[in-house]
Structures are given as structure tokens and as C-alpha cells.
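**Q** The structure file input_12.pdb (PDB, N, CA and C atoms) is provided below.
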```pdb
ATOM      1  N   MET A   1       0.859  -1.169   0.000
ATOM      2  CA  MET A   1       0.000   0.000   0.000
ATOM      3  C   MET A   1       0.904   1.230   0.000
ATOM      4  N   ASP A   2       0.736   2.091  -0.941
ATOM      5  CA  ASP A   2       1.550   3.294  -1.090
ATOM      6  C   ASP A   2       0.877   4.451  -0.357
ATOM      7  N   ASN A   3       1.463   4.870   0.779
ATOM      8  CA  ASN A   3       0.868   5.933   1.596
ATOM      9  C   ASN A   3       0.760   7.260   0.864
ATOM     10  N   SER A   4       1.591   7.494  -0.148
ATOM     11  CA  SER A   4       1.530   8.775  -0.850
ATOM     12  C   SER A   4       0.252   8.913  -1.668
ATOM     13  N   LYS A   5      -0.433   7.820  -1.942
ATOM     14  CA  LYS A   5      -1.651   7.858  -2.745
ATOM     15  C   LYS A   5      -2.917   7.791  -1.898
ATOM     16  N   THR A   6      -2.781   7.731  -0.588
ATOM     17  CA  THR A   6      -3.952   7.626   0.272
ATOM     18  C   THR A   6      -4.208   8.932   0.990
ATOM     19  N   THR A   7      -5.385   9.044   1.541
ATOM     20  CA  THR A   7      -5.742  10.260   2.250
ATOM     21  C   THR A   7      -6.158   9.954   3.681
ATOM     22  N   PHE A   8      -5.729   8.817   4.212
ATOM     23  CA  PHE A   8      -6.046   8.457   5.588
ATOM     24  C   PHE A   8      -4.885   8.856   6.507
ATOM     25  N   VAL A   9      -5.197   9.093   7.759
ATOM     26  CA  VAL A   9      -4.165   9.437   8.738
ATOM     27  C   VAL A   9      -3.233   8.239   8.928
ATOM     28  N   PRO A  10      -1.987   8.487   9.334
ATOM     29  CA  PRO A  10      -0.999   7.408   9.445
ATOM     30  C   PRO A  10      -1.419   6.238  10.339
ATOM     31  N   VAL A  11      -2.067   6.497  11.454
ATOM     32  CA  VAL A  11      -2.448   5.386  12.340
ATOM     33  C   VAL A  11      -3.457   4.465  11.657
ATOM     34  N   ALA A  12      -4.350   5.008  10.863
ATOM     35  CA  ALA A  12      -5.315   4.185  10.129
ATOM     36  C   ALA A  12      -4.596   3.362   9.065
ATOM     37  N   GLU A  13      -3.630   3.967   8.379
ATOM     38  CA  GLU A  13      -2.850   3.238   7.377
ATOM     39  C   GLU A  13      -2.104   2.077   8.025
ATOM     40  N   MET A  14      -1.552   2.306   9.212
ATOM     41  CA  MET A  14      -0.825   1.260   9.917
ATOM     42  C   MET A  14      -1.761   0.095  10.262
ATOM     43  N   ILE A  15      -2.953   0.400  10.767
ATOM     44  CA  ILE A  15      -3.921  -0.646  11.114
ATOM     45  C   ILE A  15      -4.333  -1.419   9.866
ATOM     46  N   LEU A  16      -4.582  -0.716   8.777
ATOM     47  CA  LEU A  16      -4.957  -1.386   7.527
ATOM     48  C   LEU A  16      -3.848  -2.320   7.048
ATOM     49  N   ARG A  17      -2.596  -1.860   7.090
ATOM     50  CA  ARG A  17      -1.463  -2.702   6.670
ATOM     51  C   ARG A  17      -1.354  -3.946   7.545
ATOM     52  N   GLU A  18      -1.496  -3.766   8.870
ATOM     53  CA  GLU A  18      -1.419  -4.909   9.786
ATOM     54  C   GLU A  18      -2.541  -5.905   9.510
ATOM     55  N   ASN A  19      -3.742  -5.404   9.262
ATOM     56  CA  ASN A  19      -4.868  -6.292   8.982
ATOM     57  C   ASN A  19      -4.702  -7.007   7.642
ATOM     58  N   MET A  20      -4.100  -6.337   6.668
ATOM     59  CA  MET A  20      -3.822  -6.986   5.384
ATOM     60  C   MET A  20      -2.839  -8.137   5.579
ATOM     61  N   THR A  21      -1.791  -7.901   6.348
ATOM     62  CA  THR A  21      -0.783  -8.932   6.602
ATOM     63  C   THR A  21      -1.389 -10.109   7.352
ATOM     64  N   GLU A  22      -2.181  -9.827   8.371
ATOM     65  CA  GLU A  22      -2.835 -10.890   9.131
ATOM     66  C   GLU A  22      -3.823 -11.655   8.244
ATOM     67  N   GLY A  23      -4.509 -10.954   7.364
ATOM     68  CA  GLY A  23      -5.459 -11.590   6.455
ATOM     69  C   GLY A  23      -4.799 -12.546   5.480
ATOM     70  N   ASP A  24      -3.522 -12.300   5.163
ATOM     71  CA  ASP A  24      -2.788 -13.187   4.257
ATOM     72  C   ASP A  24      -2.718 -14.614   4.791
ATOM     73  N   LYS A  25      -2.857 -14.787   6.092
ATOM     74  CA  LYS A  25      -2.732 -16.103   6.720
ATOM     75  C   LYS A  25      -4.074 -16.813   6.875
ATOM     76  N   LEU A  26      -5.140 -16.208   6.380
ATOM     77  CA  LEU A  26      -6.482 -16.766   6.537
ATOM     78  C   LEU A  26      -6.967 -17.390   5.234
ATOM     79  N   TYR A  27      -7.975 -18.233   5.348
ATOM     80  CA  TYR A  27      -8.596 -18.869   4.186
ATOM     81  C   TYR A  27     -10.017 -18.355   4.070
ATOM     82  N   VAL A  28     -10.391 -17.886   2.898
ATOM     83  CA  VAL A  28     -11.736 -17.343   2.690
ATOM     84  C   VAL A  28     -12.515 -18.257   1.752
ATOM     85  N   ASN A  29     -13.803 -18.417   2.061
ATOM     86  CA  ASN A  29     -14.681 -19.261   1.258
ATOM     87  C   ASN A  29     -15.972 -18.508   0.990
ATOM     88  N   ASN A  30     -16.450 -18.636  -0.224
ATOM     89  CA  ASN A  30     -17.702 -18.010  -0.623
ATOM     90  C   ASN A  30     -18.672 -19.133  -0.956
ATOM     91  N   MET A  31     -19.252 -19.732   0.082
ATOM     92  CA  MET A  31     -20.054 -20.941  -0.091
ATOM     93  C   MET A  31     -21.351 -20.726  -0.855
ATOM     94  N   ASN A  32     -22.028 -19.618  -0.626
ATOM     95  CA  ASN A  32     -23.346 -19.443  -1.240
ATOM     96  C   ASN A  32     -23.304 -18.692  -2.570
ATOM     97  N   GLY A  33     -22.130 -18.321  -3.035
ATOM     98  CA  GLY A  33     -22.010 -17.665  -4.329
ATOM     99  C   GLY A  33     -22.291 -16.172  -4.315
ATOM    100  N   SER A  34     -22.655 -15.623  -3.170
ATOM    101  CA  SER A  34     -22.899 -14.186  -3.058
ATOM    102  C   SER A  34     -21.580 -13.439  -3.212
ATOM    103  N   THR A  35     -21.643 -12.252  -3.778
ATOM    104  CA  THR A  35     -20.417 -11.467  -3.924
ATOM    105  C   THR A  35     -20.081 -10.682  -2.665
ATOM    106  N   ASP A  36     -20.939 -10.752  -1.657
ATOM    107  CA  ASP A  36     -20.710  -9.972  -0.438
ATOM    108  C   ASP A  36     -20.667 -10.790   0.844
ATOM    109  N   GLU A  37     -20.964 -12.083   0.804
ATOM    110  CA  GLU A  37     -21.000 -12.901   2.014
ATOM    111  C   GLU A  37     -19.921 -13.977   1.958
ATOM    112  N   PHE A  38     -19.080 -13.998   2.997
ATOM    113  CA  PHE A  38     -17.937 -14.903   3.029
ATOM    114  C   PHE A  38     -17.796 -15.529   4.412
ATOM    115  N   THR A  39     -17.172 -16.701   4.432
ATOM    116  CA  THR A  39     -16.742 -17.330   5.667
ATOM    117  C   THR A  39     -15.223 -17.342   5.628
ATOM    118  N   VAL A  40     -14.601 -16.863   6.690
ATOM    119  CA  VAL A  40     -13.147 -16.768   6.739
ATOM    120  C   VAL A  40     -12.651 -17.660   7.866
ATOM    121  N   LEU A  41     -11.688 -18.529   7.543
ATOM    122  CA  LEU A  41     -11.163 -19.504   8.492
ATOM    123  C   LEU A  41      -9.701 -19.229   8.785
ATOM    124  N   GLY A  42      -9.311 -19.542  10.019
ATOM    125  CA  GLY A  42      -7.912 -19.424  10.392
ATOM    126  C   GLY A  42      -7.744 -19.404  11.891
ATOM    127  N   TYR A  43      -6.590 -19.870  12.345
ATOM    128  CA  TYR A  43      -6.264 -19.890  13.768
ATOM    129  C   TYR A  43      -7.285 -20.677  14.584
ATOM    130  N   GLY A  44      -7.873 -21.725  14.004
ATOM    131  CA  GLY A  44      -8.802 -22.576  14.732
ATOM    132  C   GLY A  44     -10.187 -21.996  14.929
ATOM    133  N   CYS A  45     -10.506 -20.896  14.280
ATOM    134  CA  CYS A  45     -11.846 -20.313  14.410
ATOM    135  C   CYS A  45     -12.285 -19.778  13.051
ATOM    136  N   PHE A  46     -13.514 -19.315  12.986
ATOM    137  CA  PHE A  46     -14.003 -18.756  11.732
ATOM    138  C   PHE A  46     -14.801 -17.495  12.010
ATOM    139  N   ALA A  47     -14.941 -16.684  10.979
ATOM    140  CA  ALA A  47     -15.729 -15.452  11.077
ATOM    141  C   ALA A  47     -16.585 -15.341   9.830
ATOM    142  N   LYS A  48     -17.746 -14.752   9.987
ATOM    143  CA  LYS A  48     -18.619 -14.478   8.847
ATOM    144  C   LYS A  48     -18.480 -13.004   8.503
ATOM    145  N   VAL A  49     -18.374 -12.734   7.213
ATOM    146  CA  VAL A  49     -18.193 -11.371   6.722
ATOM    147  C   VAL A  49     -19.291 -11.075   5.712
ATOM    148  N   ASN A  50     -20.007  -9.976   5.928
ATOM    149  CA  ASN A  50     -20.990  -9.494   4.960
ATOM    150  C   ASN A  50     -20.552  -8.083   4.577
ATOM    151  N   LEU A  51     -19.949  -7.965   3.412
ATOM    152  CA  LEU A  51     -19.378  -6.686   2.994
ATOM    153  C   LEU A  51     -20.438  -5.627   2.721
ATOM    154  N   SER A  52     -21.576  -6.015   2.189
ATOM    155  CA  SER A  52     -22.604  -5.016   1.866
ATOM    156  C   SER A  52     -23.219  -4.403   3.117
ATOM    157  N   ARG A  53     -23.192  -5.141   4.210
ATOM    158  CA  ARG A  53     -23.740  -4.627   5.484
ATOM    159  C   ARG A  53     -22.658  -4.129   6.432
ATOM    160  N   TRP A  54     -21.414  -4.219   6.015
ATOM    161  CA  TRP A  54     -20.275  -3.875   6.866
ATOM    162  C   TRP A  54     -20.391  -4.633   8.179
ATOM    163  N   SER A  55     -20.701  -5.906   8.074
ATOM    164  CA  SER A  55     -20.937  -6.746   9.239
ATOM    165  C   SER A  55     -19.893  -7.854   9.289
ATOM    166  N   TYR A  56     -19.131  -7.874  10.373
ATOM    167  CA  TYR A  56     -18.092  -8.876  10.563
ATOM    168  C   TYR A  56     -18.321  -9.499  11.928
ATOM    169  N   SER A  57     -18.432 -10.827  11.982
ATOM    170  CA  SER A  57     -18.808 -11.485  13.234
ATOM    171  C   SER A  57     -17.776 -11.309  14.342
ATOM    172  N   CYS A  58     -16.550 -10.958  14.016
ATOM    173  CA  CYS A  58     -15.555 -10.723  15.067
ATOM    174  C   CYS A  58     -15.807  -9.402  15.793
ATOM    175  N   ARG A  59     -16.610  -8.535  15.214
ATOM    176  CA  ARG A  59     -17.035  -7.253  15.789
ATOM    177  C   ARG A  59     -15.925  -6.197  15.871
ATOM    178  N   LYS A  60     -14.766  -6.460  15.293
ATOM    179  CA  LYS A  60     -13.675  -5.478  15.357
ATOM    180  C   LYS A  60     -14.023  -4.191  14.615
ATOM    181  N   TYR A  61     -14.779  -4.309  13.515
ATOM    182  CA  TYR A  61     -15.155  -3.102  12.774
ATOM    183  C   TYR A  61     -15.979  -2.167  13.650
ATOM    184  N   ASP A  62     -16.805  -2.739  14.514
ATOM    185  CA  ASP A  62     -17.631  -1.921  15.399
ATOM    186  C   ASP A  62     -16.776  -1.027  16.297
ATOM    187  N   LEU A  63     -15.564  -1.468  16.582
ATOM    188  CA  LEU A  63     -14.681  -0.704  17.467
ATOM    189  C   LEU A  63     -13.859   0.346  16.731
ATOM    190  N   VAL A  64     -13.219  -0.033  15.638
ATOM    191  CA  VAL A  64     -12.276   0.880  14.984
ATOM    192  C   VAL A  64     -12.735   1.408  13.627
ATOM    193  N   LYS A  65     -13.806   0.858  13.086
ATOM    194  CA  LYS A  65     -14.372   1.321  11.804
ATOM    195  C   LYS A  65     -13.417   1.159  10.625
ATOM    196  N   LEU A  66     -12.555   0.143  10.718
ATOM    197  CA  LEU A  66     -11.669  -0.241   9.628
ATOM    198  C   LEU A  66     -11.828  -1.740   9.404
ATOM    199  N   PRO A  67     -11.671  -2.227   8.168
ATOM    200  CA  PRO A  67     -11.817  -3.658   7.916
ATOM    201  C   PRO A  67     -10.814  -4.486   8.726
ATOM    202  N   CYS A  68     -11.328  -5.514   9.384
ATOM    203  CA  CYS A  68     -10.489  -6.436  10.143
ATOM    204  C   CYS A  68      -9.765  -7.373   9.174
ATOM    205  N   ALA A  69      -8.926  -8.246   9.700
ATOM    206  CA  ALA A  69      -8.198  -9.197   8.855
ATOM    207  C   ALA A  69      -9.158 -10.088   8.075
ATOM    208  N   HIS A  70     -10.268 -10.480   8.693
ATOM    209  CA  HIS A  70     -11.260 -11.323   8.009
ATOM    210  C   HIS A  70     -11.846 -10.589   6.803
ATOM    211  N   ALA A  71     -12.208  -9.343   7.009
ATOM    212  CA  ALA A  71     -12.770  -8.547   5.919
ATOM    213  C   ALA A  71     -11.735  -8.311   4.826
ATOM    214  N   MET A  72     -10.477  -8.116   5.218
ATOM    215  CA  MET A  72      -9.418  -7.906   4.226
ATOM    216  C   MET A  72      -9.323  -9.090   3.276
ATOM    217  N   GLU A  73      -9.405 -10.289   3.828
ATOM    218  CA  GLU A  73      -9.293 -11.470   2.970
ATOM    219  C   GLU A  73     -10.521 -11.612   2.069
ATOM    220  N   ALA A  74     -11.697 -11.262   2.584
ATOM    221  CA  ALA A  74     -12.911 -11.273   1.760
ATOM    222  C   ALA A  74     -12.807 -10.223   0.650
ATOM    223  N   LEU A  75     -12.281  -9.053   0.976
ATOM    224  CA  LEU A  75     -12.098  -8.002  -0.032
ATOM    225  C   LEU A  75     -11.095  -8.428  -1.102
ATOM    226  N   ARG A  76     -10.059  -9.139  -0.684
ATOM    227  CA  ARG A  76      -9.058  -9.630  -1.646
ATOM    228  C   ARG A  76      -9.720 -10.575  -2.657
ATOM    229  N   LEU A  77     -10.597 -11.465  -2.170
ATOM    230  CA  LEU A  77     -11.287 -12.390  -3.069
ATOM    231  C   LEU A  77     -12.271 -11.656  -3.974
ATOM    232  N   LYS A  78     -12.998 -10.707  -3.419
ATOM    233  CA  LYS A  78     -14.023 -10.000  -4.192
ATOM    234  C   LYS A  78     -13.422  -9.061  -5.239
ATOM    235  N   HIS A  79     -12.427  -8.286  -4.858
ATOM    236  CA  HIS A  79     -11.922  -7.212  -5.727
ATOM    237  C   HIS A  79     -10.637  -7.544  -6.477
ATOM    238  N   ARG A  80      -9.976  -8.593  -6.119
ATOM    239  CA  ARG A  80      -8.748  -9.053  -6.779
ATOM    240  C   ARG A  80      -7.768  -7.919  -7.065
ATOM    241  N   ASP A  81      -7.636  -7.473  -8.300
ATOM    242  CA  ASP A  81      -6.633  -6.466  -8.667
ATOM    243  C   ASP A  81      -6.874  -5.106  -8.019
ATOM    244  N   GLU A  82      -8.112  -4.783  -7.721
ATOM    245  CA  GLU A  82      -8.435  -3.493  -7.097
ATOM    246  C   GLU A  82      -8.456  -3.582  -5.570
ATOM    247  N   TYR A  83      -8.000  -4.697  -5.041
ATOM    248  CA  TYR A  83      -8.033  -4.931  -3.593
ATOM    249  C   TYR A  83      -7.408  -3.791  -2.799
ATOM    250  N   GLY A  84      -6.226  -3.349  -3.198
ATOM    251  CA  GLY A  84      -5.508  -2.318  -2.456
ATOM    252  C   GLY A  84      -6.236  -0.993  -2.354
ATOM    253  N   THR A  85      -7.045  -0.667  -3.342
ATOM    254  CA  THR A  85      -7.801   0.583  -3.289
ATOM    255  C   THR A  85      -9.210   0.379  -2.745
ATOM    256  N   SER A  86      -9.754  -0.820  -2.877
ATOM    257  CA  SER A  86     -11.127  -1.067  -2.411
ATOM    258  C   SER A  86     -11.255  -0.986  -0.897
ATOM    259  N   ILE A  87     -10.163  -1.223  -0.184
ATOM    260  CA  ILE A  87     -10.254  -1.222   1.280
ATOM    261  C   ILE A  87     -10.692   0.137   1.822
ATOM    262  N   TYR A  88     -10.409   1.201   1.095
ATOM    263  CA  TYR A  88     -10.806   2.528   1.555
ATOM    264  C   TYR A  88     -12.312   2.744   1.448
ATOM    265  N   ASN A  89     -12.949   2.038   0.533
ATOM    266  CA  ASN A  89     -14.408   2.134   0.405
ATOM    267  C   ASN A  89     -15.128   1.438   1.551
ATOM    268  N   TYR A  90     -14.421   0.579   2.273
ATOM    269  CA  TYR A  90     -15.007  -0.159   3.390
ATOM    270  C   TYR A  90     -14.476   0.352   4.727
ATOM    271  N   SER A  91     -13.889   1.518   4.714
ATOM    272  CA  SER A  91     -13.339   2.137   5.922
ATOM    273  C   SER A  91     -14.102   3.416   6.224
ATOM    274  N   SER A  92     -14.189   3.740   7.492
ATOM    275  CA  SER A  92     -14.889   4.954   7.897
ATOM    276  C   SER A  92     -14.133   6.195   7.426
ATOM    277  N   GLN A  93     -14.873   7.174   6.989
ATOM    278  CA  GLN A  93     -14.285   8.424   6.514
ATOM    279  C   GLN A  93     -13.752   9.290   7.656
ATOM    280  N   ILE A  94     -13.944   8.872   8.899
ATOM    281  CA  ILE A  94     -13.394   9.639  10.028
ATOM    282  C   ILE A  94     -11.873   9.640  10.010
ATOM    283  N   TYR A  95     -11.269   8.720   9.259
ATOM    284  CA  TYR A  95      -9.814   8.620   9.190
ATOM    285  C   TYR A  95      -9.201   9.444   8.061
ATOM    286  N   LEU A  96     -10.009  10.176   7.327
ATOM    287  CA  LEU A  96      -9.474  11.004   6.243
ATOM    288  C   LEU A  96      -8.575  12.107   6.794
ATOM    289  N   LYS A  97      -7.481  12.375   6.074
ATOM    290  CA  LYS A  97      -6.623  13.508   6.427
ATOM    291  C   LYS A  97      -7.352  14.782   6.051
ATOM    292  N   GLU A  98      -7.147  15.819   6.833
ATOM    293  CA  GLU A  98      -7.699  17.127   6.460
ATOM    294  C   GLU A  98      -6.812  17.726   5.384
ATOM    295  N   SER A  99      -7.439  18.338   4.378
ATOM    296  CA  SER A  99      -6.623  18.931   3.317
ATOM    297  C   SER A  99      -6.394  20.391   3.553
TER
END
```
If you convert what's in this file into C-alpha cells, what do you get?

**A**
Amino acid sequence: MDNSKTTFVPVAEMILRENMTEGDKLYVNNMNGSTDEFTVLGYGCFAKVNLSRWSYSCRKYDLVKLPCAHAMEALRLKHRDEYGTSIYNYSSQIYLKES
């Protein structure tokens, strides 16, 4: 992720990078064929991710308003080449830098 092309504050960028790295170690499955509903497995547990509702069963998004590692892996599957830029569409705008 190239920080010079983003408009989020540094702490948000750091959290996003960490969640991307953690998401690399997870396995994502799209069992029902929906483009927004995923099951993410890893570390002996699983999480359900619904991207259209911004709903992640781990509840981390409710706290920090940034995609968790589970959501990152679901976004990687859904957006493929645009993954690096799509994460900003699923992040709260409270992290935008002031211009």
C-alpha cells in the first residue's frame, strides 16, 4: 500500500497494513455464491463477513471502523486487482486527512 496515494491518517494506514498482513494467513470461502458474504477460516476459528452490510462477526469493525483481517481477505477475493484501493471504500471516513 503506497501511503503517498492515500488520504487516511498514518495510524489508520498502519492498522490497515497490519490487517492486510494478518489476512494473508487466513482462508476465505464463498459458499453461497454471493459477492458480499464470506466465511473466513484461520487460527482454529471462523468469522462471517458481509461486505454489503459492513458486518463482521468478530465485531472489530464496530470498534475501529476499519476492515479487520477477516474482511481484508474477503475483499481480496471480491476485488482481486483493485483490492488495495477497495479497502478505503469499506473504511470509515473519520480517518481522512484534512486537506

**Q** Apply the PyMOL selection byres ((chain A and resi 43) around 8) to the displayed file and report the matching residues as a PDB file with N, CA and C atoms, in the coordinates of the input.

**A**
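In the end it all went to result.pdb:
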```
ATOM      1  N   LYS A  25      -2.857 -14.787   6.092  1.00  0.00           N
ATOM      2  CA  LYS A  25      -2.732 -16.103   6.720  1.00  0.00           C
ATOM      3  C   LYS A  25      -4.074 -16.813   6.875  1.00  0.00           C
ATOM      4  N   LEU A  26      -5.140 -16.208   6.380  1.00  0.00           N
ATOM      5  CA  LEU A  26      -6.482 -16.766   6.537  1.00  0.00           C
ATOM      6  C   LEU A  26      -6.967 -17.390   5.234  1.00  0.00           C
ATOM      7  N   TYR A  27      -7.975 -18.233   5.348  1.00  0.00           N
ATOM      8  CA  TYR A  27      -8.596 -18.869   4.186  1.00  0.00           C
ATOM      9  C   TYR A  27     -10.017 -18.355   4.070  1.00  0.00           C
ATOM     10  N   VAL A  40     -14.601 -16.863   6.690  1.00  0.00           N
ATOM     11  CA  VAL A  40     -13.147 -16.768   6.739  1.00  0.00           C
ATOM     12  C   VAL A  40     -12.651 -17.660   7.866  1.00  0.00           C
ATOM     13  N   LEU A  41     -11.688 -18.529   7.543  1.00  0.00           N
ATOM     14  CA  LEU A  41     -11.163 -19.504   8.492  1.00  0.00           C
ATOM     15  C   LEU A  41      -9.701 -19.229   8.785  1.00  0.00           C
ATOM     16  N   GLY A  42      -9.311 -19.542  10.019  1.00  0.00           N
ATOM     17  CA  GLY A  42      -7.912 -19.424  10.392  1.00  0.00           C
ATOM     18  C   GLY A  42      -7.744 -19.404  11.891  1.00  0.00           C
ATOM     19  N   GLY A  44      -7.873 -21.725  14.004  1.00  0.00           N
ATOM     20  CA  GLY A  44      -8.802 -22.576  14.732  1.00  0.00           C
ATOM     21  C   GLY A  44     -10.187 -21.996  14.929  1.00  0.00           C
ATOM     22  N   CYS A  45     -10.506 -20.896  14.280  1.00  0.00           N
ATOM     23  CA  CYS A  45     -11.846 -20.313  14.410  1.00  0.00           C
ATOM     24  C   CYS A  45     -12.285 -19.778  13.051  1.00  0.00           C
ATOM     25  N   PHE A  46     -13.514 -19.315  12.986  1.00  0.00           N
ATOM     26  CA  PHE A  46     -14.003 -18.756  11.732  1.00  0.00           C
ATOM     27  C   PHE A  46     -14.801 -17.495  12.010  1.00  0.00           C
TER      28      PHE A  46
END
```

**Q** Just give me the gap between CA of Val9 (chain A) and atom C of Ile94 (chain A) in Å, one decimal is fine.

**A**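 These atoms are spaced 7.8 Å apart.
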
**Q** Around all the atoms of region 34-52 of chain A listed in the file, draw an axis-aligned box and extend it by 4 Å on each of the six sides; I want its centre and edge lengths in Å to one decimal, as AutoDock Vina command-line options.

**A**
```
--center_x -14.7 --center_y -13.5 --center_z 5.5 --size_x 25.0 --size_y 26.2 --size_z 26.9
```

**Q** Under the PyMOL selection byres ((chain A and resi 49) around 8), which residues of this model are included? Write them out as a list in words.

**A** Asp36, Glu37, Phe38, Thr39, Val40, Phe46, Ala47, Lys48, Asn50, Leu51, Ser52, Arg53, Trp54, Ser55, Tyr56, Ser57, Cys58, His70, Ala71 and Ala74 of chain A

**Q** My list of candidates is A:Thr35, A:Leu66, A:Tyr90, A:His79. Which is closest to Ala12 (chain A) when distances are computed with only N, CA and C atoms?

**A**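 Distance minimum relative to Ala12 (chain A) lands on A:Leu66.
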
**Q** Nearest to Gln93 (chain A) among A:Val64, A:Leu77, A:Ile15, A:Met31, with distances taken over only C-alpha atoms: which residue is it?

**A** A:Val64

**Q** When you draw a straight line from CA of Lys60 (chain A) to atom N of Asn30 (chain A), how long is it in Å?

**A** 20.6 Å

**Q** Quick one: distance from CA of Glu82 (chain A) to CA of Met20 (chain A) in Å, one decimal?

**A**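 Interatomic distance, CA of Glu82 (chain A) to CA of Met20 (chain A): 13.8 Å.
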
**Q** Of the candidates A:Arg59, A:Thr7, A:Asn89, A:Ala69, which shows the shortest atom-to-atom distance to Thr21 (chain A), using only C-alpha atoms?

**A** A:Ala69

**Q** Mind checking which residues fall within 9 Å of Ser91 (chain A), counting only C-alpha atoms, ignoring those fewer than 5 positions away in the same chain, and posting them as a CSV table (one decimal) with N, CA and C atoms, in the coordinates of the input?

**A**
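For reference, selection.csv as written:
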```
chain,number,residue,atom,x,y,z
A,61,TYR,N,-14.8,-4.3,13.5
A,61,TYR,CA,-15.2,-3.1,12.8
A,61,TYR,C,-16.0,-2.2,13.6
A,65,LYS,N,-13.8,0.9,13.1
A,65,LYS,CA,-14.4,1.3,11.8
A,65,LYS,C,-13.4,1.2,10.6
A,66,LEU,N,-12.6,0.1,10.7
A,66,LEU,CA,-11.7,-0.2,9.6
A,66,LEU,C,-11.8,-1.7,9.4
A,67,PRO,N,-11.7,-2.2,8.2
A,67,PRO,CA,-11.8,-3.7,7.9
A,67,PRO,C,-10.8,-4.5,8.7
```

**Q** With DSSP run on the backbone, what are the strand (DSSP E) residues within chain A? I'd like them as a PyMOL selection string.

**A** chain A and resi 27-29+37-42+45-50+55-56

**Q** Of the residues A:Thr85, A:Ser92, A:Lys97, A:Met72, which is the one nearest to Asp24 (chain A), using only N, CA and C atoms?

**A** A:Met72

**Q** Could you give me, as a count of residues only, each residue of chain A that DSSP assigns to helix (DSSP H, G or I) when run on this structure's backbone?

**A** 47
